[in-house]
$ cat protein.tsv   # TSV, C-alpha atoms and all ligand atoms
chain	number	residue	atom	x	y	z
N	747	MET	CA	0.00	0.00	0.00
N	748	ARG	CA	2.82	2.39	0.86
N	749	GLN	CA	4.20	2.02	-2.64
N	750	LEU	CA	0.92	3.05	-4.26
N	751	SER	CA	0.42	6.60	-5.35
N	752	ASP	CA	-3.06	7.93	-4.81
N	753	PHE	CA	-4.88	10.88	-6.31
N	754	LYS	CA	-6.08	14.15	-4.87
N	755	GLY	CA	-8.45	16.95	-5.80
N	756	ALA	CA	-10.01	17.08	-9.25
N	757	ASP	CA	-7.84	14.16	-10.43
N	758	LEU	CA	-9.27	11.90	-7.74
N	759	VAL	CA	-12.87	12.84	-8.54
N	760	ARG	CA	-12.37	12.51	-12.30
N	761	ASN	CA	-10.60	9.16	-12.06
N	762	VAL	CA	-13.05	7.63	-9.60
N	763	LEU	CA	-15.98	8.68	-11.78
N	764	ALA	CA	-14.26	7.30	-14.88
N	765	LEU	CA	-13.81	3.98	-13.08
N	766	ILE	CA	-17.41	3.97	-11.95
N	767	ASP	CA	-18.75	4.83	-15.39
N	768	ARG	CA	-16.66	2.00	-16.83
N	769	GLU	CA	-17.62	-0.67	-14.28
N	770	LYS	CA	-21.22	0.44	-13.65
N	771	PRO	CA	-21.50	-0.84	-10.08
N	772	ILE	CA	-24.80	-0.95	-8.22
N	773	HIS	CA	-23.05	-0.30	-4.91
N	774	VAL	CA	-19.82	1.44	-3.97
N	775	SER	CA	-18.05	1.41	-0.62
N	776	LEU	CA	-15.46	4.09	-0.02
N	777	VAL	CA	-13.17	2.87	2.72
N	778	GLY	CA	-9.75	3.78	4.01
N	779	GLY	CA	-7.49	4.75	5.59
N	780	ASP	CA	-10.34	7.14	6.01
N	781	PRO	CA	-12.28	8.66	3.08
N	782	LEU	CA	-12.92	11.79	5.16
N	783	VAL	CA	-9.24	12.67	4.73
N	784	ARG	CA	-10.40	13.66	1.24
N	785	TYR	CA	-13.66	15.28	2.35
N	786	LYS	CA	-13.45	18.09	-0.21
N	787	GLU	CA	-13.35	15.51	-2.98
N	788	LEU	CA	-16.22	13.63	-1.33
N	789	GLU	CA	-18.30	16.79	-1.45
N	790	VAL	CA	-18.04	16.63	-5.25
N	791	LEU	CA	-18.15	12.86	-5.60
N	792	LEU	CA	-21.21	12.07	-3.50
N	793	PRO	CA	-23.65	14.20	-5.54
N	794	GLU	CA	-22.27	12.62	-8.72
N	795	LEU	CA	-22.85	9.11	-7.33
N	796	ASP	CA	-26.33	10.10	-6.21
N	797	THR	CA	-27.14	11.42	-9.68
N	798	ARG	CA	-26.05	8.05	-11.08
N	799	LYS	CA	-28.41	6.31	-8.58
N	800	ILE	CA	-25.53	4.32	-7.08
N	801	HIS	CA	-25.88	3.11	-3.51
N	802	THR	CA	-22.86	4.38	-1.64
N	803	GLN	CA	-21.27	3.62	1.67
N	804	VAL	CA	-18.65	5.84	3.29
N	805	VAL	CA	-16.79	3.90	5.98
N	806	THR	CA	-15.09	6.24	8.41
N	807	SER	CA	-13.71	6.62	11.92
N	808	ALA	CA	-15.68	9.91	12.14
N	809	PHE	CA	-12.52	11.77	13.15
N	810	ARG	CA	-14.04	14.71	11.29
N	811	GLU	CA	-17.59	16.08	11.36
N	812	ILE	CA	-20.03	14.33	9.02
N	813	PRO	CA	-21.72	17.15	7.10
N	814	LYS	CA	-25.42	17.54	7.83
N	815	GLU	CA	-26.02	18.25	4.14
N	816	TRP	CA	-25.16	14.62	3.31
N	817	SER	CA	-28.56	13.62	4.74
N	818	ARG	CA	-30.08	14.66	1.43
N	819	PHE	CA	-28.54	11.63	-0.29
N	820	SER	CA	-31.10	8.86	0.17
N	821	ARG	CA	-28.74	6.18	-1.16
N	822	LEU	CA	-25.84	7.11	1.12
N	823	ASN	CA	-24.98	5.12	4.22
N	824	VAL	CA	-22.29	6.54	6.51
N	825	VAL	CA	-20.75	3.69	8.50
N	826	VAL	CA	-18.69	4.54	11.57
N	827	SER	CA	-16.17	1.92	12.63
N	828	ILE	CA	-16.01	1.42	16.38
N	829	ASP	CA	-13.56	-0.91	18.10
N	830	GLY	CA	-15.63	-1.90	21.12
N	831	LEU	CA	-16.55	0.08	24.21
N	832	GLN	CA	-14.94	3.42	25.00
N	833	PRO	CA	-11.82	2.26	26.92
N	834	GLU	CA	-10.73	-0.20	24.21
N	835	HIS	CA	-11.81	2.01	21.33
N	836	ASP	CA	-10.18	5.20	22.58
N	837	GLU	CA	-6.90	3.46	23.22
N	838	ARG	CA	-6.82	2.02	19.71
N	839	ARG	CA	-8.40	4.77	17.67
N	840	LYS	CA	-7.09	8.02	19.11
N	841	PRO	CA	-7.73	10.76	17.91
N	842	ALA	CA	-11.11	9.36	16.77
N	843	THR	CA	-12.26	8.85	20.36
N	844	TYR	CA	-15.84	8.23	21.51
N	845	GLU	CA	-16.13	11.85	22.60
N	846	ARG	CA	-15.05	13.10	19.20
N	847	ILE	CA	-17.25	10.64	17.31
N	848	LEU	CA	-20.34	11.67	19.26
N	849	ARG	CA	-19.59	15.30	18.47
N	850	ASN	CA	-19.00	14.60	14.79
N	851	ILE	CA	-22.16	12.55	14.16
N	852	ALA	CA	-24.47	14.79	16.16
N	853	ALA	CA	-26.30	16.20	13.14
N	854	VAL	CA	-26.63	13.03	11.05
N	855	LYS	CA	-27.79	9.42	11.08
N	856	VAL	CA	-25.13	6.74	10.87
N	857	THR	CA	-24.60	3.00	11.01
N	858	ILE	CA	-22.25	1.71	13.69
N	859	HIS	CA	-20.05	-1.18	12.62
N	860	SER	CA	-17.91	-3.03	15.12
N	861	ARG	CA	-15.58	-5.95	14.64
N	862	ILE	CA	-15.67	-8.59	17.35
N	863	THR	CA	-12.24	-9.90	18.30
N	864	GLY	CA	-11.23	-12.78	20.54
N	865	ASN	CA	-10.54	-10.28	23.32
N	866	ILE	CA	-14.11	-8.97	23.14
N	867	ALA	CA	-15.60	-12.45	22.77
N	868	SER	CA	-13.91	-13.53	26.00
N	869	ARG	CA	-15.91	-10.96	27.99
N	870	PRO	CA	-19.54	-12.08	28.53
N	871	GLY	CA	-21.94	-9.14	28.56
N	872	TYR	CA	-19.63	-6.95	26.45
N	873	LEU	CA	-21.82	-6.91	23.33
N	874	GLU	CA	-24.92	-6.23	25.40
N	875	GLU	CA	-23.24	-3.25	27.05
N	876	PHE	CA	-22.13	-2.01	23.64
N	877	LEU	CA	-25.66	-2.24	22.26
N	878	ARG	CA	-27.15	-0.64	25.36
N	879	PHE	CA	-24.85	2.36	24.92
N	880	TRP	CA	-25.53	2.90	21.22
N	881	SER	CA	-29.28	2.16	21.48
N	882	THR	CA	-29.79	5.34	23.46
N	883	ARG	CA	-28.23	7.56	20.79
N	884	PRO	CA	-30.73	9.15	18.37
N	885	GLU	CA	-28.00	9.51	15.70
N	886	ILE	CA	-27.68	5.74	15.30
N	887	GLU	CA	-29.80	4.04	12.66
N	888	ARG	CA	-28.47	0.56	13.12
N	889	VAL	CA	-25.59	-1.48	14.51
N	890	TRP	CA	-23.72	-4.16	12.59
N	891	PHE	CA	-21.13	-6.59	13.86
N	892	SER	CA	-18.46	-8.50	11.97
N	893	LEU	CA	-16.11	-11.07	13.48
N	894	PHE	CA	-12.35	-10.72	13.13
N	895	THR	CA	-11.16	-12.50	9.97
N	896	PRO	CA	-7.57	-13.77	10.13
N	897	GLN	CA	-5.20	-14.70	7.36
N	898	ARG	CA	-4.54	-18.43	7.07
N	899	GLY	CA	-1.98	-19.64	9.57
N	900	ALA	CA	-2.14	-16.44	11.65
N	901	THR	CA	-2.22	-16.57	15.44
N	902	GLY	CA	-3.04	-13.98	18.07
N	903	PRO	CA	-5.55	-12.85	20.67
N	904	GLU	CA	-7.75	-11.13	18.09
N	905	ILE	CA	-8.71	-14.46	16.53
N	906	LEU	CA	-11.81	-16.07	18.00
N	907	THR	CA	-11.54	-19.65	19.20
N	908	PRO	CA	-14.24	-22.04	17.89
N	909	ALA	CA	-15.93	-21.89	21.31
N	910	GLN	CA	-15.86	-18.08	21.31
N	911	ARG	CA	-17.36	-18.05	17.84
N	912	VAL	CA	-20.28	-20.22	18.93
N	913	PHE	CA	-20.74	-18.08	22.05
N	914	VAL	CA	-20.83	-14.87	19.98
N	915	ILE	CA	-23.30	-16.31	17.46
N	916	ASN	CA	-25.67	-17.35	20.26
N	917	ASP	CA	-25.22	-13.99	21.94
N	918	LEU	CA	-26.09	-12.13	18.73
N	919	LEU	CA	-29.15	-14.32	18.17
N	920	ARG	CA	-30.34	-13.39	21.65
N	921	LEU	CA	-29.40	-9.70	21.44
N	922	ARG	CA	-31.12	-9.06	18.10
N	923	LEU	CA	-34.44	-9.72	19.83
N	924	GLN	CA	-33.58	-7.46	22.74
N	925	PHE	CA	-32.10	-4.57	20.73
N	926	PRO	CA	-33.93	-3.74	17.47
N	927	ILE	CA	-31.02	-1.44	16.62
N	928	LEU	CA	-28.96	-4.58	15.93
N	929	GLU	CA	-29.99	-4.93	12.32
N	930	MET	CA	-28.83	-8.45	11.59
N	931	GLN	CA	-31.23	-11.13	10.40
N	932	GLU	CA	-31.23	-14.49	12.13
N	933	SER	CA	-30.31	-16.27	8.89
N	934	LEU	CA	-27.31	-13.96	8.43
N	935	ILE	CA	-26.04	-14.53	12.00
N	936	ARG	CA	-26.34	-18.30	11.55
N	937	GLU	CA	-24.11	-18.09	8.45
N	938	PHE	CA	-21.17	-17.31	10.79
N	939	HIS	CA	-21.32	-21.02	11.77
N	940	SER	CA	-20.24	-22.12	8.30
N	941	PRO	CA	-18.71	-19.39	6.13
N	942	PRO	CA	-18.04	-19.99	2.41
N	943	LYS	CA	-15.26	-22.56	2.07
N	944	SER	CA	-13.17	-20.57	-0.38
N	945	PRO	CA	-13.23	-17.34	-2.39
N	946	ALA	CA	-14.60	-19.39	-5.29
N	947	GLU	CA	-17.65	-20.25	-3.19
N	948	CYS	CA	-18.02	-16.77	-1.74
N	949	ILE	CA	-20.74	-14.84	-3.55
N	950	PHE	CA	-19.49	-11.61	-2.01
N	951	ALA	CA	-15.93	-12.15	-3.28
N	952	ARG	CA	-17.24	-13.04	-6.72
N	953	THR	CA	-19.52	-10.05	-7.11
N	954	THR	CA	-17.19	-7.44	-5.66
N	955	HIS	CA	-14.15	-5.65	-7.00
N	956	THR	CA	-11.82	-4.11	-4.45
N	957	ILE	CA	-9.72	-1.39	-6.03
N	958	SER	CA	-6.82	0.24	-4.26
N	959	ALA	CA	-5.94	3.92	-3.94
N	960	ASP	CA	-4.19	4.05	-7.32
N	961	LEU	CA	-7.58	3.06	-8.83
N	962	GLU	CA	-5.89	0.25	-10.75
N	963	THR	CA	-4.47	-2.34	-8.37
N	964	LYS	CA	-7.06	-4.99	-7.57
N	965	ILE	CA	-7.06	-6.49	-4.12
N	966	THR	CA	-7.74	-10.21	-4.33
N	967	PRO	CA	-9.24	-12.68	-3.60
N	968	CYS	CA	-11.58	-10.43	-1.60
N	969	GLN	CA	-11.45	-7.18	0.34
N	970	PHE	CA	-9.13	-8.76	2.94
N	971	GLY	CA	-6.39	-9.38	0.40
N	972	GLY	CA	-3.55	-11.87	0.90
N	973	ASP	CA	-4.62	-15.37	1.91
N	974	PRO	CA	-7.72	-14.93	4.08
N	975	ASP	CA	-8.93	-17.85	6.17
N	976	CYS	CA	-12.43	-18.34	4.75
N	977	ALA	CA	-13.19	-21.00	7.39
N	978	GLN	CA	-12.90	-18.22	9.99
N	979	CYS	CA	-14.46	-15.43	7.93
N	980	GLY	CA	-16.47	-12.95	9.93
N	981	CYS	CA	-17.33	-10.40	7.27
N	982	ILE	CA	-20.96	-9.33	7.62
N	983	ALA	CA	-21.26	-8.57	3.90
N	984	SER	CA	-20.07	-12.03	2.97
N	985	MET	CA	-22.58	-13.58	5.39
N	986	VAL	CA	-25.45	-11.47	4.02
N	987	LEU	CA	-24.82	-12.75	0.51
N	988	ALA	CA	-24.26	-16.30	1.77
N	989	ALA	CA	-27.66	-16.13	3.48
N	990	VAL	CA	-29.22	-14.88	0.25
N	991	GLY	CA	-27.42	-17.68	-1.60
N	992	HIS	CA	-28.93	-20.29	0.73
N	993	HIS	CA	-32.43	-18.94	0.24
N	994	ARG	CA	-34.61	-21.59	-1.42
N	995	VAL	CA	-36.23	-20.34	-4.58
N	996	LEU	CA	-38.01	-23.48	-5.67
N	997	GLY	CA	-37.86	-26.89	-4.00
N	998	ARG	CA	-34.17	-27.59	-3.35
N	999	LEU	CA	-33.06	-24.93	-5.79
N	1000	THR	CA	-31.36	-22.02	-4.01
N	1001	ALA	CA	-30.57	-18.47	-5.11
N	1002	GLY	CA	-26.92	-19.52	-4.78
N	1003	ASN	CA	-27.44	-22.31	-7.36
N	1004	LEU	CA	-28.89	-19.75	-9.76
N	1005	PHE	CA	-25.99	-17.39	-9.10
N	1006	GLN	CA	-23.39	-20.10	-9.79
N	1007	VAL	CA	-25.07	-21.03	-13.09
N	1008	SER	CA	-25.51	-17.44	-14.14
N	1009	ASN	CA	-21.95	-16.57	-13.18
N	1010	ARG	CA	-20.61	-19.56	-15.11
N	1011	ILE	CA	-22.58	-18.53	-18.21
N	1012	GLY	CA	-21.29	-15.00	-17.77
N	1013	ASP	CA	-17.71	-16.30	-17.58
N	1014	ILE	CA	-18.18	-18.40	-20.71
N	1015	LEU	CA	-19.79	-15.56	-22.66
N	1016	GLY	CA	-17.08	-13.21	-21.43
N	1017	GLY	CA	-14.45	-15.67	-22.68
N	1018	VAL	CA	-16.15	-15.99	-26.06
N	1019	LYS	CA	-16.39	-12.22	-26.38
N	1020	LYS	CA	-12.72	-11.81	-25.53
N	1021	THR	CA	-11.72	-14.51	-28.02
N	1022	PHE	CA	-13.74	-13.35	-30.99
N	1023	LYS	CA	-14.53	-9.71	-30.42
N	1024	PRO	CA	-12.36	-7.36	-28.40
N	1025	LEU	CA	-15.31	-5.52	-26.83
N	1026	PRO	CA	-14.72	-3.58	-23.62
N	1027	GLU	CA	-16.25	-5.45	-20.67
N	1028	SER	CA	-19.34	-3.81	-19.27
N	1029	LYS	CA	-20.74	-6.39	-16.86
N	1030	PRO	CA	-22.32	-4.43	-14.00
N	1031	GLU	CA	-20.87	-5.52	-10.66
N	1032	PRO	CA	-20.72	-3.93	-7.29
N	1033	PHE	CA	-17.22	-3.12	-6.10
N	1034	THR	CA	-15.34	-1.42	-3.39
N	1035	ILE	CA	-12.93	1.42	-3.81
N	1036	LEU	CA	-10.21	1.72	-1.22
N	1101	LIG	S1	-15.11	-12.51	2.26
N	1101	LIG	FE1	-14.66	-14.14	3.72
N	1101	LIG	S2	-15.46	-16.03	2.80
N	1101	LIG	FE2	-15.36	-14.47	1.20
N	1101	LIG	S3	-13.39	-14.84	0.21
N	1101	LIG	FE3	-13.06	-13.27	1.79
N	1101	LIG	S4	-12.44	-14.42	3.63
N	1101	LIG	FE4	-13.31	-15.88	2.18
$ encode --input "protein.tsv" --output "structure tokens"
Amino acid sequence: MRQLSDFKGADLVRNVLALIDREKPIHVSLVGGDPLVRYKELEVLLPELDTRKIHTQVVTSAFREIPKEWSRFSRLNVVVSIDGLQPEHDERRKPATYERILRNIAAVKVTIHSRITGNIASRPGYLEEFLRFWSTRPEIERVWFSLFTPQRGATGPEILTPAQRVFVINDLLRLRLQFPILEMQESLIREFHSPPKSPAECIFARTTHTISADLETKITPCQFGGDPDCAQCGCIASMVLAAVGHHRVLGRLTAGNLFQVSNRIGDILGGVKKTFKPLPESKPEPFTIL
């Protein structure tokens, strides 16, 4: 990442829009670092994305004030990343402390996203306390949780043990009934028991492009890059699409079966096109811009 050159100002806006007009995504996530570092560019970019009717997510630490005017974009979701309760979060995320976040989101509605680590999972009652705190805040539309996703072969206290994973899943199933602000369907939470076995089986990985700050380098095989341990995946987005994939459409036929067939046909047609006719690819897919 340090070797990549990124863009600023008008160049950034122009190049992001060119990429978007080429790829025609239905959803874009702008993540970081922190996209609010380039807030002046965002002020130009967000109206353009709204005009194109693209659903957009800005994932931020809220170290800077979220402009009230952004509320006019009905397809925009501002997601604030929080690393647990105040003591843990403040230590890790300074200067984006709880106090500063609360000040910076005061005029808007946001989604809170928190990643559950092994350290958090080892403390019964932690998630409940977290939800109790954020439930009382009028600025919060919903809370989402992901679980920490390690690379294969990695070790460390952030990685959940199998027992912790089961404990967290059961806790979330209980808490979603107690706290409506926890916007996670039961079917999605249950997907954490058995994540996709590989990137090839992961609908999210296969329908998403993650593009780095130079707007060229693709991060593969999914947004985590490197060699992610799918068996321990905790990405909420991956689980949402896995749950959709397991939805039965007709008899034993699932939406995932239809996706695999459609994707295969798309691959074959794409291959035929490339072989016989050098047309530019225009398959609409959602993707993420880093
Ligand atoms: S999102 Fe999760 S399941 Fe999908 S490829 Fe990445 S690590 Fe694997």
$ closest_atom_pairs --input "protein.tsv" --of "chain N" --to "ligand LIG 1101 (chain N)" --cutoff "9 Å" --atoms "all atoms listed in the file" --output "CSV"
residue,atom,partner,partner_atom,distance
N:Thr895,CA,N:LIG1101,S4,6.7
N:Pro896,CA,N:LIG1101,S4,8.1
N:Gln897,CA,N:LIG1101,S4,8.1
N:Pro941,CA,N:LIG1101,S2,5.7
N:Pro942,CA,N:LIG1101,S2,4.7
N:Lys943,CA,N:LIG1101,S2,6.6
N:Ser944,CA,N:LIG1101,FE4,5.3
N:Pro945,CA,N:LIG1101,S3,3.6
N:Ala946,CA,N:LIG1101,S3,7.2
N:Glu947,CA,N:LIG1101,FE2,7.6
N:Cys948,CA,N:LIG1101,FE2,4.6
N:Ile949,CA,N:LIG1101,FE2,7.2
N:Phe950,CA,N:LIG1101,FE2,6.0
N:Ala951,CA,N:LIG1101,FE2,5.1
N:Arg952,CA,N:LIG1101,S3,8.1
N:Thr966,CA,N:LIG1101,S3,8.6
N:Pro967,CA,N:LIG1101,S3,6.0
N:Cys968,CA,N:LIG1101,FE3,4.7
N:Gln969,CA,N:LIG1101,FE3,6.5
N:Phe970,CA,N:LIG1101,FE3,6.1
N:Gly971,CA,N:LIG1101,FE3,7.8
N:Asp973,CA,N:LIG1101,S4,8.1
N:Pro974,CA,N:LIG1101,S4,4.8
N:Asp975,CA,N:LIG1101,S4,5.5
N:Cys976,CA,N:LIG1101,FE4,3.7
N:Ala977,CA,N:LIG1101,S2,7.1
N:Gln978,CA,N:LIG1101,S4,7.4
N:Cys979,CA,N:LIG1101,FE1,4.4
N:Gly980,CA,N:LIG1101,FE1,6.6
N:Cys981,CA,N:LIG1101,FE1,5.8
N:Ile982,CA,N:LIG1101,S1,8.5
N:Ala983,CA,N:LIG1101,S1,7.5
N:Ser984,CA,N:LIG1101,S1,5.0
N:Met985,CA,N:LIG1101,S2,8.0
N:Ala988,CA,N:LIG1101,S2,8.9
$ axis_aligned_box --input "protein.tsv" --around "region 838-850 of chain N" --padding-each-side "4 Å" --output "JSON"
{"center_x": -13.6, "center_y": 8.7, "center_z": 18.7, "size_x": 21.5, "size_y": 21.3, "size_z": 15.8}
$ closest_atom_pairs --input "protein.tsv" --of "region 776-883 of chain N" --to "region 747-770 of chain N" --cutoff "10 Å" --atoms "only C-alpha atoms" --output "CSV"
residue,atom,partner,partner_atom,distance
N:Arg784,CA,N:Lys754,CA,7.5
N:Tyr785,CA,N:Gly755,CA,9.8
N:Lys786,CA,N:Gly755,CA,7.6
N:Glu787,CA,N:Gly755,CA,5.8
N:Leu788,CA,N:Val759,CA,8.0
N:Glu789,CA,N:Val759,CA,9.8
N:Val790,CA,N:Val759,CA,7.2
N:Leu791,CA,N:Val759,CA,6.0
N:Leu792,CA,N:Val759,CA,9.8
N:Glu794,CA,N:Leu763,CA,8.0
N:Leu795,CA,N:Leu763,CA,8.2
N:Arg798,CA,N:Asp767,CA,9.1
N:Ile800,CA,N:Lys770,CA,8.8
$ atom_distance --input "protein.tsv" --atom1 "CA of Phe809 (chain N)" --atom2 "CA of His835 (chain N)"
12.8 Å
$ residues_around --input "protein.tsv" --residues "Thr907 (chain N)" --least-positions-apart "5" --cutoff "10 Å" --atoms "all atoms listed in the file" --output "list in words"
Thr863, Gly864, Ala867, Ser868, Val912, Phe913 and Gln978 of chain N
$ closest_residue --input "protein.tsv" --among "N:His801, N:Arg936, N:Arg869, N:Arg883" --to "Ala853 (chain N)" --atoms "only C-alpha atoms"
N:Arg883
$ atom_distance --input "protein.tsv" --atom1 "CA of Glu929 (chain N)" --atom2 "CA of Arg888 (chain N)"
5.8 Å
$ atom_distance --input "protein.tsv" --atom1 "CA of Ser860 (chain N)" --atom2 "CA of Thr901 (chain N)"
20.7 Å
$ closest_residue --input "protein.tsv" --among "N:Leu782, N:Val914, N:Asp796, N:Val889" --to "Asn850 (chain N)" --atoms "all atoms listed in the file"
N:Leu782
$ residues_around --input "protein.tsv" --residues "Arg810 (chain N)" --least-positions-apart "5" --cutoff "10 Å" --atoms "all atoms listed in the file" --output "list of chain:residue names"
N:Asp780, N:Leu782, N:Val783, N:Tyr785, N:Pro841, N:Ala842, N:Arg846, N:Ile847, N:Arg849, N:Asn850, N:Ile851
$ closest_residue --input "protein.tsv" --among "N:Phe819, N:Thr954, N:Phe894, N:Val825" --to "Lys799 (chain N)" --atoms "all atoms listed in the file"
N:Phe819
